[in-house]
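Notes follow the structure.
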Amino acid sequence: MLLTIDNLTMRYPRAESCALDNVALNLTAGERVAVLGQSGSGKSTLVRCINRLVEPQSGRVAWDGQDVLGLKPEQLKRYRRDVGMIFQNFALVDRLDVLHNVLVGSFGRQPWWRPLLGRYSAEEVAMALDALKRVGMSDKAAARADRLSGGQRQRVGIARALMQKPRLILGDEPVSSLDPVIARSVLSLLREISEQDSIAVLLNLHNVELARFFAHRIVGIHAGRIVYDGPADGLTNEVLARVYPPEA
Ligand SMILES: Nc1ncnc2c1ncn2[C@@H]1O[C@H](COP(=O)(O)OP(=O)(O)OP(=O)(O)O)[C@@H](O)[C@H]1O
């Protein structure tokens, strides 16, 4: 098992209720999971617990069988490299060109001082160019990031994540700011990369159709609890009513 989550409970300071309540989830290599749920249901918190941006009150997150909360600094660095991130706002450096935005993804693989000098090895540049080719952005390598459309920016975000040679890519609403056609093409690209490289991908999505299109498996969260975990084609109206219950 690549990722194992057990009994995960997370309550933010001074919050009235748990953001995550006794959540369990497993992920295998190459698996694509879409997490659905209303606003505030706990989707972002789940991602933050996986990448250790927040510490849960209880429960366990294990990577390759090792407890993520107990990792030593060197192991944590390796874990952070194994887990790539893509973001809703893309998180590119606007004033840098596309190639350098992708090279940023190699930070976890270099001695700490090298990025300070802005120097990259020929091998890293070749890797970045290859990643850009895979996401269909070779011709934009020299363009400034702020000249790109949203869809192009997310392609660069994916190329940057690929520089880490990740085993899992996490995305918190990575296509929410894109129009439906572009969103679908970005998800299609991620699907292809996941299949080719056997990278597991877990995305928080807001759109049920896109989730069905992208994922093998859907996890539905309501009020911090998993109310569905099953195949994408099992997402019936009855299941959807559990994930998105009508307002009381
Ligand atoms: N930093 C925080 N401090 C306190 N409470 C928080 C914090 N972040 C989230 N919460 C609360 O935790 C619960 C889960 O929030 P979370 O952001 O994980 O939901 P979400 O499903 O990702 O929502 P959205 O789809 O709107 O991003 C919500 O009740 C939210 O108000």
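Ligands are numbered from 1 in the order shown, chains are lettered A, B, ... in the order of the structure tokens, and residues start at 1 in each chain.
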
Run DSSP on the backbone and give me the residues of region 55-190 of chain A it puts in strand (DSSP E or B), as number ranges by chain.
A: 58-63, 66-67, 83-87, 97, 144, 168-172

Within 10 Å of Val181 (chain A) using only C-alpha atoms, minus same-chain residues under 4 positions, as a ChimeraX atom specification
/A:151,185-186

Restrict the selected residues to C-alpha atoms and save them as a PDB file, in the first residue's frame.
ATOM      1  CA  GLY A 151      -4.795  25.981 -18.547  1.00  0.00           C
ATOM      2  CA  SER A 185      -7.998  18.664 -20.971  1.00  0.00           C
ATOM      3  CA  VAL A 186      -5.809  19.250 -17.882  1.00  0.00           C
TER       4      VAL A 186
END

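Restricting the calculation to only C-alpha atoms, the smallest distance between Phe213 (chain A) and any of A:Cys49, A:Val239, A:Val201, A:Ala232 is found for A:Ala232.
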
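Counting only C-alpha atoms, Ser176 (chain A) has the following residues at most 10 Å away, ignoring those fewer than 4 positions along the same chain: Phe87, Gln88, Asn89, Asp172, Pro180, Ala183, Asn204, Leu205, His206 and Asn207 of chain A.
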
Once you count only C-alpha atoms and all ligand atoms, which residues end up within 10 Å of ligand 1, and could you hand them over as a PDB file with N, CA and C atoms, in the first residue's frame?
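This went into out_6.pdb:
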ATOM      1  N   MET A  10      -9.074  15.505  12.878  1.00  0.00           N
ATOM      2  CA  MET A  10      -8.417  16.811  12.898  1.00  0.00           C
ATOM      3  C   MET A  10      -9.442  17.880  13.278  1.00  0.00           C
ATOM      4  N   ARG A  11      -9.124  18.629  14.320  1.00  0.00           N
ATOM      5  CA  ARG A  11      -9.989  19.740  14.726  1.00  0.00           C
ATOM      6  C   ARG A  11      -9.109  20.980  14.826  1.00  0.00           C
ATOM      7  N   TYR A  12      -9.468  22.029  14.102  1.00  0.00           N
ATOM      8  CA  TYR A  12      -8.666  23.252  14.155  1.00  0.00           C
ATOM      9  C   TYR A  12      -8.861  23.927  15.510  1.00  0.00           C
ATOM     10  N   PRO A  13      -7.852  24.688  15.949  1.00  0.00           N
ATOM     11  CA  PRO A  13      -7.994  25.357  17.245  1.00  0.00           C
ATOM     12  C   PRO A  13      -9.270  26.200  17.286  1.00  0.00           C
ATOM     13  N   ARG A  14      -9.983  26.110  18.359  1.00  0.00           N
ATOM     14  CA  ARG A  14     -11.209  26.880  18.618  1.00  0.00           C
ATOM     15  C   ARG A  14     -12.383  26.521  17.691  1.00  0.00           C
ATOM     16  N   ALA A  15     -12.209  25.506  16.830  1.00  0.00           N
ATOM     17  CA  ALA A  15     -13.326  25.116  15.958  1.00  0.00           C
ATOM     18  C   ALA A  15     -14.356  24.329  16.762  1.00  0.00           C
ATOM     19  N   GLU A  16     -15.622  24.478  16.376  1.00  0.00           N
ATOM     20  CA  GLU A  16     -16.683  23.795  17.118  1.00  0.00           C
ATOM     21  C   GLU A  16     -16.736  22.304  16.806  1.00  0.00           C
ATOM     22  N   SER A  17     -16.437  21.992  15.524  1.00  0.00           N
ATOM     23  CA  SER A  17     -16.525  20.578  15.161  1.00  0.00           C
ATOM     24  C   SER A  17     -15.244  20.138  14.459  1.00  0.00           C
ATOM     25  N   CYS A  18     -15.138  18.838  14.256  1.00  0.00           N
ATOM     26  CA  CYS A  18     -13.944  18.286  13.618  1.00  0.00           C
ATOM     27  C   CYS A  18     -13.984  18.560  12.115  1.00  0.00           C
ATOM     28  N   ALA A  19     -12.843  18.953  11.560  1.00  0.00           N
ATOM     29  CA  ALA A  19     -12.746  19.092  10.108  1.00  0.00           C
ATOM     30  C   ALA A  19     -12.665  17.714   9.464  1.00  0.00           C
ATOM     31  N   LEU A  20     -12.022  16.780  10.162  1.00  0.00           N
ATOM     32  CA  LEU A  20     -12.002  15.373   9.742  1.00  0.00           C
ATOM     33  C   LEU A  20     -12.325  14.530  10.959  1.00  0.00           C
ATOM     34  N   VAL A  35     -11.796  13.381  -4.712  1.00  0.00           N
ATOM     35  CA  VAL A  35     -12.502  13.602  -3.457  1.00  0.00           C
ATOM     36  C   VAL A  35     -13.561  14.665  -3.698  1.00  0.00           C
ATOM     37  N   LEU A  36     -14.812  14.287  -3.404  1.00  0.00           N
ATOM     38  CA  LEU A  36     -15.937  15.209  -3.583  1.00  0.00           C
ATOM     39  C   LEU A  36     -16.536  15.553  -2.229  1.00  0.00           C
ATOM     40  N   GLY A  37     -17.105  16.722  -2.139  1.00  0.00           N
ATOM     41  CA  GLY A  37     -17.778  17.106  -0.902  1.00  0.00           C
ATOM     42  C   GLY A  37     -18.116  18.577  -0.947  1.00  0.00           C
ATOM     43  N   GLN A  38     -19.103  18.947  -0.143  1.00  0.00           N
ATOM     44  CA  GLN A  38     -19.503  20.354  -0.093  1.00  0.00           C
ATOM     45  C   GLN A  38     -18.356  21.214   0.407  1.00  0.00           C
ATOM     46  N   SER A  39     -18.503  22.492   0.193  1.00  0.00           N
ATOM     47  CA  SER A  39     -17.561  23.444   0.763  1.00  0.00           C
ATOM     48  C   SER A  39     -17.531  23.280   2.283  1.00  0.00           C
ATOM     49  N   GLY A  40     -16.337  23.167   2.842  1.00  0.00           N
ATOM     50  CA  GLY A  40     -16.228  23.011   4.294  1.00  0.00           C
ATOM     51  C   GLY A  40     -16.343  21.568   4.776  1.00  0.00           C
ATOM     52  N   SER A  41     -16.437  20.609   3.851  1.00  0.00           N
ATOM     53  CA  SER A  41     -16.624  19.211   4.276  1.00  0.00           C
ATOM     54  C   SER A  41     -15.331  18.579   4.795  1.00  0.00           C
ATOM     55  N   GLY A  42     -14.182  19.181   4.457  1.00  0.00           N
ATOM     56  CA  GLY A  42     -12.914  18.639   4.978  1.00  0.00           C
ATOM     57  C   GLY A  42     -11.917  18.206   3.910  1.00  0.00           C
ATOM     58  N   LYS A  43     -12.224  18.467   2.645  1.00  0.00           N
ATOM     59  CA  LYS A  43     -11.358  17.999   1.549  1.00  0.00           C
ATOM     60  C   LYS A  43      -9.948  18.579   1.642  1.00  0.00           C
ATOM     61  N   SER A  44      -9.863  19.901   1.835  1.00  0.00           N
ATOM     62  CA  SER A  44      -8.531  20.532   1.905  1.00  0.00           C
ATOM     63  C   SER A  44      -7.775  20.036   3.126  1.00  0.00           C
ATOM     64  N   THR A  45      -8.494  19.836   4.211  1.00  0.00           N
ATOM     65  CA  THR A  45      -7.834  19.375   5.434  1.00  0.00           C
ATOM     66  C   THR A  45      -7.224  17.990   5.219  1.00  0.00           C
ATOM     67  N   LEU A  46      -7.909  17.166   4.452  1.00  0.00           N
ATOM     68  CA  LEU A  46      -7.374  15.836   4.158  1.00  0.00           C
ATOM     69  C   LEU A  46      -6.036  15.965   3.421  1.00  0.00           C
ATOM     70  N   VAL A  47      -6.008  16.815   2.403  1.00  0.00           N
ATOM     71  CA  VAL A  47      -4.757  17.029   1.657  1.00  0.00           C
ATOM     72  C   VAL A  47      -3.681  17.588   2.587  1.00  0.00           C
ATOM     73  N   ARG A  48      -4.073  18.539   3.442  1.00  0.00           N
ATOM     74  CA  ARG A  48      -3.082  19.149   4.354  1.00  0.00           C
ATOM     75  C   ARG A  48      -2.533  18.128   5.353  1.00  0.00           C
ATOM     76  N   CYS A  49      -3.363  17.169   5.757  1.00  0.00           N
ATOM     77  CA  CYS A  49      -2.863  16.127   6.667  1.00  0.00           C
ATOM     78  C   CYS A  49      -1.904  15.203   5.927  1.00  0.00           C
ATOM     79  N   VAL A  54      -0.767  20.396   8.255  1.00  0.00           N
ATOM     80  CA  VAL A  54      -1.391  20.464   9.583  1.00  0.00           C
ATOM     81  C   VAL A  54      -1.188  19.116  10.286  1.00  0.00           C
ATOM     82  N   ASP A 172      -5.400  20.273  -4.651  1.00  0.00           N
ATOM     83  CA  ASP A 172      -6.568  20.830  -3.970  1.00  0.00           C
ATOM     84  C   ASP A 172      -7.296  21.741  -4.959  1.00  0.00           C
ATOM     85  N   GLU A 173      -8.337  21.217  -5.546  1.00  0.00           N
ATOM     86  CA  GLU A 173      -9.114  21.939  -6.562  1.00  0.00           C
ATOM     87  C   GLU A 173      -8.243  22.518  -7.677  1.00  0.00           C
ATOM     88  N   ASN A 204      -8.939  16.944  -5.057  1.00  0.00           N
ATOM     89  CA  ASN A 204     -10.220  17.480  -4.595  1.00  0.00           C
ATOM     90  C   ASN A 204     -10.873  18.166  -5.777  1.00  0.00           C
ATOM     91  N   LEU A 205     -12.089  17.755  -6.069  1.00  0.00           N
ATOM     92  CA  LEU A 205     -12.773  18.363  -7.209  1.00  0.00           C
ATOM     93  C   LEU A 205     -14.145  18.844  -6.768  1.00  0.00           C
ATOM     94  N   HIS A 206     -14.662  19.820  -7.509  1.00  0.00           N
ATOM     95  CA  HIS A 206     -15.993  20.328  -7.183  1.00  0.00           C
ATOM     96  C   HIS A 206     -17.039  19.874  -8.188  1.00  0.00           C
ATOM     97  N   ILE A 221     -16.959  13.053   0.925  1.00  0.00           N
ATOM     98  CA  ILE A 221     -16.863  13.458   2.330  1.00  0.00           C
ATOM     99  C   ILE A 221     -18.026  14.370   2.666  1.00  0.00           C
ATOM    100  N   HIS A 222     -18.620  14.137   3.821  1.00  0.00           N
ATOM    101  CA  HIS A 222     -19.612  15.080   4.336  1.00  0.00           C
ATOM    102  C   HIS A 222     -19.309  15.315   5.812  1.00  0.00           C
ATOM    103  N   ALA A 223     -19.215  16.588   6.183  1.00  0.00           N
ATOM    104  CA  ALA A 223     -18.963  16.975   7.581  1.00  0.00           C
ATOM    105  C   ALA A 223     -17.806  16.192   8.197  1.00  0.00           C
ATOM    106  N   GLY A 224     -16.716  16.054   7.421  1.00  0.00           N
ATOM    107  CA  GLY A 224     -15.513  15.426   7.957  1.00  0.00           C
ATOM    108  C   GLY A 224     -15.516  13.916   7.963  1.00  0.00           C
TER     109      GLY A 224
END

If you run DSSP on the backbone here, which positions in region 112-232 of chain A get helix (DSSP H, G or I)? Please write them as an MDAnalysis selection string.
chainID A and resid 114:117 122:134 138:140 145:147 150:162 180:197 208:214 232

Give me a file of those residues, with C-alpha atoms, as an mmCIF file, in the first residue's frame.
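Written output follows (part-v5.cif):
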data_model
loop_
_atom_site.group_PDB
_atom_site.id
_atom_site.type_symbol
_atom_site.label_atom_id
_atom_site.label_comp_id
_atom_site.auth_asym_id
_atom_site.auth_seq_id
_atom_site.Cartn_x
_atom_site.Cartn_y
_atom_site.Cartn_z
ATOM 1 C CA ARG A 114 22.324 25.468 -5.348
ATOM 2 C CA PRO A 115 18.962 27.199 -5.942
ATOM 3 C CA LEU A 116 20.399 30.260 -4.202
ATOM 4 C CA LEU A 117 22.874 30.550 -7.037
ATOM 5 C CA ALA A 122 22.511 20.113 -17.659
ATOM 6 C CA GLU A 123 20.667 17.001 -16.501
ATOM 7 C CA GLU A 124 18.087 19.058 -14.617
ATOM 8 C CA VAL A 125 17.547 21.356 -17.590
ATOM 9 C CA ALA A 126 17.105 18.310 -19.838
ATOM 10 C CA MET A 127 14.580 16.876 -17.345
ATOM 11 C CA ALA A 128 12.668 20.167 -17.262
ATOM 12 C CA LEU A 129 12.538 20.349 -21.057
ATOM 13 C CA ASP A 130 11.326 16.779 -21.172
ATOM 14 C CA ALA A 131 8.619 17.547 -18.591
ATOM 15 C CA LEU A 132 7.514 20.548 -20.657
ATOM 16 C CA LYS A 133 7.318 18.358 -23.729
ATOM 17 C CA ARG A 134 5.127 15.885 -21.891
ATOM 18 C CA SER A 138 7.823 23.026 -25.164
ATOM 19 C CA ASP A 139 7.219 26.079 -27.305
ATOM 20 C CA LYS A 140 6.564 28.233 -24.218
ATOM 21 C CA ALA A 145 4.700 32.679 -16.565
ATOM 22 C CA ASP A 146 2.361 35.677 -16.343
ATOM 23 C CA ARG A 147 1.820 35.545 -20.095
ATOM 24 C CA GLY A 150 -4.873 29.344 -16.790
ATOM 25 C CA GLY A 151 -4.795 25.981 -18.547
ATOM 26 C CA GLN A 152 -1.218 26.568 -19.676
ATOM 27 C CA ARG A 153 -0.239 27.599 -16.168
ATOM 28 C CA GLN A 154 -1.586 24.375 -14.716
ATOM 29 C CA ARG A 155 0.310 22.393 -17.362
ATOM 30 C CA VAL A 156 3.474 24.110 -16.133
ATOM 31 C CA GLY A 157 2.430 23.263 -12.563
ATOM 32 C CA ILE A 158 2.185 19.610 -13.587
ATOM 33 C CA ALA A 159 5.603 19.743 -15.301
ATOM 34 C CA ARG A 160 7.077 21.251 -12.108
ATOM 35 C CA ALA A 161 5.592 18.406 -10.051
ATOM 36 C CA LEU A 162 7.051 15.863 -12.507
ATOM 37 C CA PRO A 180 -14.922 23.156 -18.297
ATOM 38 C CA VAL A 181 -13.220 22.321 -21.596
ATOM 39 C CA ILE A 182 -9.764 23.336 -20.390
ATOM 40 C CA ALA A 183 -10.379 21.661 -17.026
ATOM 41 C CA ARG A 184 -11.131 18.411 -18.825
ATOM 42 C CA SER A 185 -7.998 18.664 -20.971
ATOM 43 C CA VAL A 186 -5.809 19.250 -17.882
ATOM 44 C CA LEU A 187 -7.390 16.235 -16.147
ATOM 45 C CA SER A 188 -6.943 14.171 -19.272
ATOM 46 C CA LEU A 189 -3.241 15.050 -19.278
ATOM 47 C CA LEU A 190 -2.920 14.094 -15.602
ATOM 48 C CA ARG A 191 -4.692 10.827 -16.294
ATOM 49 C CA GLU A 192 -2.299 10.016 -19.118
ATOM 50 C CA ILE A 193 0.775 10.837 -17.000
ATOM 51 C CA SER A 194 -0.579 8.835 -14.080
ATOM 52 C CA GLU A 195 -1.061 5.830 -16.353
ATOM 53 C CA GLN A 196 2.312 6.118 -18.068
ATOM 54 C CA ASP A 197 4.366 6.606 -14.888
ATOM 55 C CA VAL A 208 -19.070 15.487 -10.309
ATOM 56 C CA GLU A 209 -18.780 14.935 -14.073
ATOM 57 C CA LEU A 210 -15.073 15.793 -14.035
ATOM 58 C CA ALA A 211 -14.565 13.471 -11.080
ATOM 59 C CA ARG A 212 -16.211 10.624 -12.997
ATOM 60 C CA PHE A 213 -14.120 11.440 -16.054
ATOM 61 C CA PHE A 214 -10.852 11.514 -14.139
ATOM 62 C CA ALA A 232 -16.616 6.148 -10.052
#
